[in-house]
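File shown: start_34.cif (mmCIF, C-alpha atoms and all ligand atoms).
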data_entry
loop_
_atom_site.label_atom_id
_atom_site.label_comp_id
_atom_site.auth_asym_id
_atom_site.auth_seq_id
_atom_site.Cartn_x
_atom_site.Cartn_y
_atom_site.Cartn_z
CA ASP A 1 78.95 94.83 88.18
CA THR A 2 82.56 93.63 87.96
CA GLU A 3 83.61 96.92 86.38
CA ARG A 4 81.72 98.93 88.97
CA LEU A 5 83.37 96.92 91.76
CA ALA A 6 86.80 97.31 90.17
CA GLY A 7 86.27 101.07 90.03
CA ILE A 8 85.31 101.24 93.70
CA LEU A 9 88.22 99.08 94.86
CA ALA A 10 90.64 101.27 92.89
CA LEU A 11 89.62 104.40 94.81
CA ALA A 12 91.70 103.75 97.94
CA PRO A 13 94.36 101.31 99.15
CA VAL A 14 92.53 100.49 102.39
CA ILE A 15 88.86 99.84 103.15
CA PRO A 16 88.10 100.60 106.81
CA VAL A 17 85.86 97.85 108.21
CA LEU A 18 83.47 99.35 110.73
CA LYS A 19 81.10 98.25 113.42
CA VAL A 20 78.85 101.20 114.18
CA ALA A 21 76.96 100.88 117.44
CA ARG A 22 75.38 104.36 117.47
CA GLU A 23 73.74 105.73 114.36
CA ALA A 24 74.69 109.24 115.42
CA ASP A 25 78.37 108.35 115.00
CA ALA A 26 77.92 107.44 111.35
CA ALA A 27 78.21 110.82 109.61
CA PRO A 28 81.18 112.20 111.61
CA LEU A 29 82.94 108.86 111.28
CA ALA A 30 82.47 108.78 107.51
CA ARG A 31 83.62 112.41 107.25
CA ALA A 32 86.79 111.58 109.22
CA LEU A 33 87.58 108.71 106.87
CA VAL A 34 86.92 110.73 103.72
CA ASP A 35 89.04 113.59 105.11
CA GLY A 36 91.79 111.08 105.89
CA GLY A 37 91.80 109.87 102.30
CA LEU A 38 89.92 106.58 102.69
CA PRO A 39 86.51 107.18 101.09
CA VAL A 40 85.57 103.52 100.54
CA ILE A 41 83.93 102.33 103.74
CA GLU A 42 82.54 98.95 104.79
CA VAL A 43 79.82 99.01 107.45
CA THR A 44 79.36 95.52 108.88
CA LEU A 45 75.95 94.10 109.73
CA ARG A 46 77.17 93.45 113.24
CA SER A 47 75.05 96.00 115.01
CA ASP A 48 71.41 97.03 115.00
CA ALA A 49 72.51 100.46 113.84
CA ALA A 50 74.21 99.17 110.68
CA LEU A 51 71.53 99.95 108.08
CA GLY A 52 70.80 103.34 109.60
CA ALA A 53 74.52 104.05 109.65
CA ILE A 54 74.83 103.14 105.96
CA GLU A 55 72.00 105.52 105.16
CA ARG A 56 73.64 108.39 107.02
CA MET A 57 77.11 107.70 105.64
CA ALA A 58 75.82 107.43 102.08
CA SER A 59 74.88 111.09 102.19
CA VAL A 60 78.34 112.18 103.29
CA GLU A 61 80.05 113.83 100.33
CA GLY A 62 82.79 111.70 98.85
CA ALA A 63 81.97 108.56 100.81
CA VAL A 64 81.45 105.28 98.95
CA VAL A 65 79.68 103.09 101.46
CA GLY A 66 79.32 99.33 101.30
CA VAL A 67 77.74 96.72 103.51
CA GLY A 68 79.84 94.03 105.17
CA THR A 69 79.32 90.75 107.00
CA VAL A 70 76.54 89.89 104.57
CA THR A 71 75.45 86.33 105.31
CA ARG A 72 71.80 86.17 104.15
CA PRO A 73 70.37 86.74 100.65
CA SER A 74 67.87 89.26 102.03
CA ASP A 75 70.72 91.47 103.28
CA PHE A 76 71.52 92.74 99.77
CA ARG A 77 68.27 94.52 98.97
CA ALA A 78 68.03 95.95 102.47
CA ALA A 79 71.54 97.36 102.25
CA ARG A 80 71.08 98.62 98.69
CA ASP A 81 67.89 100.41 99.72
CA ALA A 82 69.80 102.03 102.58
CA GLY A 83 72.37 103.37 100.10
CA ALA A 84 75.08 100.72 99.99
CA ARG A 85 77.04 100.68 96.71
CA PHE A 86 78.79 97.35 97.21
CA ALA A 87 78.51 94.30 99.43
CA VAL A 88 81.09 92.15 101.20
CA SER A 89 80.63 88.71 102.73
CA PRO A 90 83.01 86.72 104.92
CA GLY A 91 82.61 83.61 102.73
CA PHE A 92 81.30 82.47 99.39
CA ALA A 93 77.83 80.97 98.88
CA ALA A 94 75.97 80.60 95.59
CA ASP A 95 72.71 81.98 96.98
CA LEU A 96 74.53 85.14 98.04
CA ALA A 97 76.00 85.62 94.56
CA ASP A 98 72.52 85.23 93.04
CA ALA A 99 71.00 87.68 95.52
CA ALA A 100 73.72 90.25 94.86
CA GLU A 101 73.01 90.03 91.16
CA GLY A 102 69.27 90.29 91.79
CA ALA A 103 69.79 93.42 93.84
CA GLY A 104 72.23 94.88 91.32
CA LEU A 105 74.86 95.29 94.01
CA PRO A 106 78.56 94.71 93.18
CA PHE A 107 79.66 91.81 95.37
CA LEU A 108 83.02 91.09 96.99
CA PRO A 109 82.70 87.63 98.56
CA GLY A 110 85.25 86.15 100.92
CA ILE A 111 87.23 83.07 99.99
CA ALA A 112 89.99 81.21 101.80
CA THR A 113 90.58 78.18 99.55
CA ALA A 114 91.11 77.33 95.88
CA GLY A 115 87.76 75.54 95.80
CA GLU A 116 85.91 78.62 97.02
CA ALA A 117 87.74 80.73 94.45
CA MET A 118 86.54 78.35 91.73
CA ALA A 119 82.96 78.53 92.97
CA ALA A 120 83.11 82.34 92.89
CA LEU A 121 84.62 82.30 89.39
CA ARG A 122 81.70 80.16 88.19
CA HIS A 123 79.50 83.12 89.11
CA GLY A 124 81.72 85.50 87.19
CA LEU A 125 83.23 87.00 90.34
CA ARG A 126 86.90 87.92 89.79
CA TYR A 127 87.36 90.32 92.71
CA LEU A 128 87.43 88.47 95.99
CA LYS A 129 88.03 89.22 99.62
CA PHE A 130 90.74 86.90 100.99
CA TYR A 131 89.49 86.20 104.49
CA PRO A 132 90.63 85.72 107.19
CA ALA A 133 93.85 86.75 105.49
CA THR A 134 96.54 86.22 108.10
CA ALA A 135 94.95 83.09 109.57
CA ALA A 136 94.27 81.55 106.13
CA GLY A 137 97.85 81.65 104.91
CA GLY A 138 98.63 85.32 104.43
CA ILE A 139 101.04 86.43 101.74
CA PRO A 140 102.32 82.93 100.83
CA MET A 141 98.72 81.83 100.17
CA LEU A 142 98.02 84.86 97.94
CA LYS A 143 101.21 84.14 95.98
CA ALA A 144 100.18 80.49 95.64
CA LEU A 145 96.69 81.40 94.36
CA ALA A 146 98.25 83.59 91.63
CA GLY A 147 99.48 80.44 89.86
CA PRO A 148 96.20 78.68 89.02
CA PHE A 149 94.12 81.90 89.12
CA PRO A 150 96.07 84.63 87.32
CA ASP A 151 92.91 86.67 86.65
CA LEU A 152 91.71 86.86 90.26
CA ARG A 153 92.22 90.04 92.27
CA PHE A 154 92.05 90.11 96.04
CA CYS A 155 91.23 92.38 98.94
CA PRO A 156 92.91 90.62 101.88
CA THR A 157 91.18 91.33 105.18
CA GLY A 158 91.41 89.82 108.65
CA GLY A 159 94.42 90.34 110.86
CA LEU A 160 95.86 93.22 108.86
CA ASN A 161 97.26 96.27 110.62
CA GLY A 162 99.40 99.35 110.15
CA GLU A 163 102.57 97.25 110.26
CA ASN A 164 101.76 94.54 107.69
CA PHE A 165 99.25 95.99 105.22
CA ARG A 166 101.84 97.45 102.83
CA ASP A 167 103.39 94.01 102.33
CA TYR A 168 100.00 92.80 101.10
CA LEU A 169 99.48 95.81 98.84
CA ALA A 170 102.82 95.06 97.17
CA LEU A 171 101.46 91.81 95.69
CA ALA A 172 100.44 91.90 92.03
CA ASN A 173 97.09 90.18 92.68
CA VAL A 174 96.09 92.52 95.55
CA VAL A 175 94.06 95.60 94.63
CA CYS A 176 93.34 96.89 98.13
CA VAL A 177 93.14 95.63 101.70
CA GLY A 178 90.53 95.86 104.43
CA GLY A 179 90.65 96.08 108.16
CA SER A 180 89.27 97.39 111.39
CA TRP A 181 92.51 98.94 112.60
CA ILE A 182 91.72 102.32 111.03
CA ALA A 183 88.65 102.89 113.20
CA PRO A 184 88.96 100.68 116.27
CA ASP A 185 85.99 100.47 118.63
CA ALA A 186 87.81 102.43 121.33
CA LEU A 187 88.27 105.49 119.09
CA VAL A 188 84.73 105.27 117.71
CA ASP A 189 83.26 104.94 121.21
CA ALA A 190 85.28 107.96 122.33
CA GLY A 191 84.18 109.97 119.29
CA ASP A 192 87.82 110.56 118.46
CA TRP A 193 87.23 111.58 114.83
CA ALA A 194 90.56 113.39 114.58
CA GLY A 195 92.35 110.27 115.76
CA ILE A 196 90.53 108.17 113.16
CA ALA A 197 91.27 110.69 110.40
CA GLY A 198 94.92 110.51 111.44
CA LYS A 199 94.98 106.72 111.16
CA ALA A 200 93.28 106.95 107.78
CA ARG A 201 95.83 109.51 106.58
CA ALA A 202 98.72 107.30 107.71
CA ALA A 203 97.29 104.36 105.75
CA ALA A 204 96.29 106.37 102.68
CA GLY A 205 99.64 108.11 102.29
C1 LIG B 1 85.97 91.68 108.55
O1 LIG B 1 84.80 91.43 108.77
O2 LIG B 1 86.37 91.99 107.42
C2 LIG B 1 86.96 91.50 109.62
O3 LIG B 1 86.38 91.30 110.84
C3 LIG B 1 88.01 92.55 109.68
O4 LIG B 1 89.10 91.92 110.21
P1 LIG B 1 90.06 92.67 111.24
O5 LIG B 1 89.20 93.09 112.38
O6 LIG B 1 91.08 91.62 111.62
O7 LIG B 1 90.67 93.83 110.52
#
Rewrite the structure from the file as structure tokens, please.
Ligand code: 3PG
Amino acid sequence: DTERLAGILALAPVIPVLKVAREADAAPLARALVDGGLPVIEVTLRSDAALGAIERMASVEGAVVGVGTVTRPSDFRAARDAGARFAVSPGFAADLADAAEGAGLPFLPGIATAGEAMAALRHGLRYLKFYPATAAGGIPMLKALAGPFPDLRFCPTGGLNGENFRDYLALANVVCVGGSWIAPDALVDAGDWAGIAGKARAAAG
């Protein structure tokens, strides 16, 4: 699963983190992101429409859809059955790592401390979300973690935006970044797919 996850995270520099309120928005939203050059998409379990949205997005050509804000072991199978190809959590917990393995879903857990990184490593997880990135120490923290953990690779997320994300991508232990700035609620609510594709293109370029 590590190799599968590595392959997915190598597909694009930015993973748009989405909250989809209306299932009907899912397919056009995914198409806008794929067209904009950001095919790896994280749909958070922060709305009732999330699983339905994953299902619809998974059938959009070129989209690689994952589930985000996973906090319960049962979330993995449900998301996998809906078509998710990877899973992201805000923090690390051993029962989540076990459930991800049980569901056969590549897992990108969040960590914010050295101790959490060690717990994830014990489960063989080398690719980690650094969350909440800017609040948890930002770039200096990622540089500091490179010392004791040279094999870890991070996807910083939380507080990133169009102004700062390239500074994160420049770090040797960062493989990609995540964030909600690509598809903000206001643009999704307005159905502004061209605007979202434009933001994706600006980040992908
Ligand atoms: C997440 O769940 O990854 C975050 O809420 C995304 O953080 P952002 O909204 O600060 O980009």
> Mind listing the residues within 7 Å of ligand LIG 1 (chain B), all atoms listed in the file counted, as a PyMOL selection string?
Replying inline: chain A and resi 17+44+68-69+90+157-160+178-181
> What separation in Å, quoted to one decimal, exists between CA of Leu169 (chain A) and CA of Phe154 (chain A)?
Replying inline: 9.8 Å
>> Just want the 12 Å neighbourhood of Met118 (chain A), counted on all atoms listed in the file, with same-chain residues fewer than 4 positions away dropped. Output as an MDAnalysis selection string.
In response: chainID A and resid 92:94 111:114 122:126 128 145 148:149 151:152
> Given the choices A:Lys199, A:Ala97, A:Ala63, A:Ile15, which gets closest to Pro156 (chain A) if the distance is worked out from all atoms listed in the file?
Replying inline: A:Ile15
Neighbourhood query: residues within 12 Å of (67.9, 90.8, 98.1), file coordinates, counting only C-alpha atoms; return as an mmCIF file with C-alpha atoms, in the frame of the given file.
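Done, and the output landed in out-v8.cif:
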data_model
loop_
_atom_site.group_PDB
_atom_site.id
_atom_site.type_symbol
_atom_site.label_atom_id
_atom_site.label_comp_id
_atom_site.auth_asym_id
_atom_site.auth_seq_id
_atom_site.Cartn_x
_atom_site.Cartn_y
_atom_site.Cartn_z
ATOM 1 C CA VAL A 70 76.540 89.890 104.570
ATOM 2 C CA THR A 71 75.450 86.330 105.310
ATOM 3 C CA ARG A 72 71.800 86.170 104.150
ATOM 4 C CA PRO A 73 70.370 86.740 100.650
ATOM 5 C CA SER A 74 67.870 89.260 102.030
ATOM 6 C CA ASP A 75 70.720 91.470 103.280
ATOM 7 C CA PHE A 76 71.520 92.740 99.770
ATOM 8 C CA ARG A 77 68.270 94.520 98.970
ATOM 9 C CA ALA A 78 68.030 95.950 102.470
ATOM 10 C CA ALA A 79 71.540 97.360 102.250
ATOM 11 C CA ARG A 80 71.080 98.620 98.690
ATOM 12 C CA ASP A 81 67.890 100.410 99.720
ATOM 13 C CA ALA A 87 78.510 94.300 99.430
ATOM 14 C CA ASP A 95 72.710 81.980 96.980
ATOM 15 C CA LEU A 96 74.530 85.140 98.040
ATOM 16 C CA ALA A 97 76.000 85.620 94.560
ATOM 17 C CA ASP A 98 72.520 85.230 93.040
ATOM 18 C CA ALA A 99 71.000 87.680 95.520
ATOM 19 C CA ALA A 100 73.720 90.250 94.860
ATOM 20 C CA GLU A 101 73.010 90.030 91.160
ATOM 21 C CA GLY A 102 69.270 90.290 91.790
ATOM 22 C CA ALA A 103 69.790 93.420 93.840
ATOM 23 C CA GLY A 104 72.230 94.880 91.320
ATOM 24 C CA LEU A 105 74.860 95.290 94.010
#
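Compared by their closest atoms to Asp167 (chain A), and using all atoms listed in the file, the residues A:Ala120, A:Ile8, A:Val20, A:Ile139 rank with A:Ile139 nearest.
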> Of the candidates A:Ala200, A:Ile182, A:Val177, A:Ile41, which one gets nearest to Ala26 (chain A) if we count only C-alpha atoms?
Replying inline: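 Smallest separation from Ala26 (chain A) among the options: A:Ile41.
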>> Can you tell me which residues surround Asp192 (chain A) at a distance of at most 12 Å, considering all atoms listed in the file, apart from same-chain residues fewer than 5 positions away, and format the answer as a count of residues only?
In response: 14
> Pick from A:Ala12, A:Leu142, A:Ala49, A:Leu18: nearest to Val34 (chain A), with only C-alpha atoms counted?
Replying inline: A:Ala12
> Counting all atoms listed in the file, which of A:Ala146, A:Cys155, A:Ala136, A:Val65 gets nearest to Val175 (chain A)?
Replying inline: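 Nearest to Val175 (chain A): A:Cys155.
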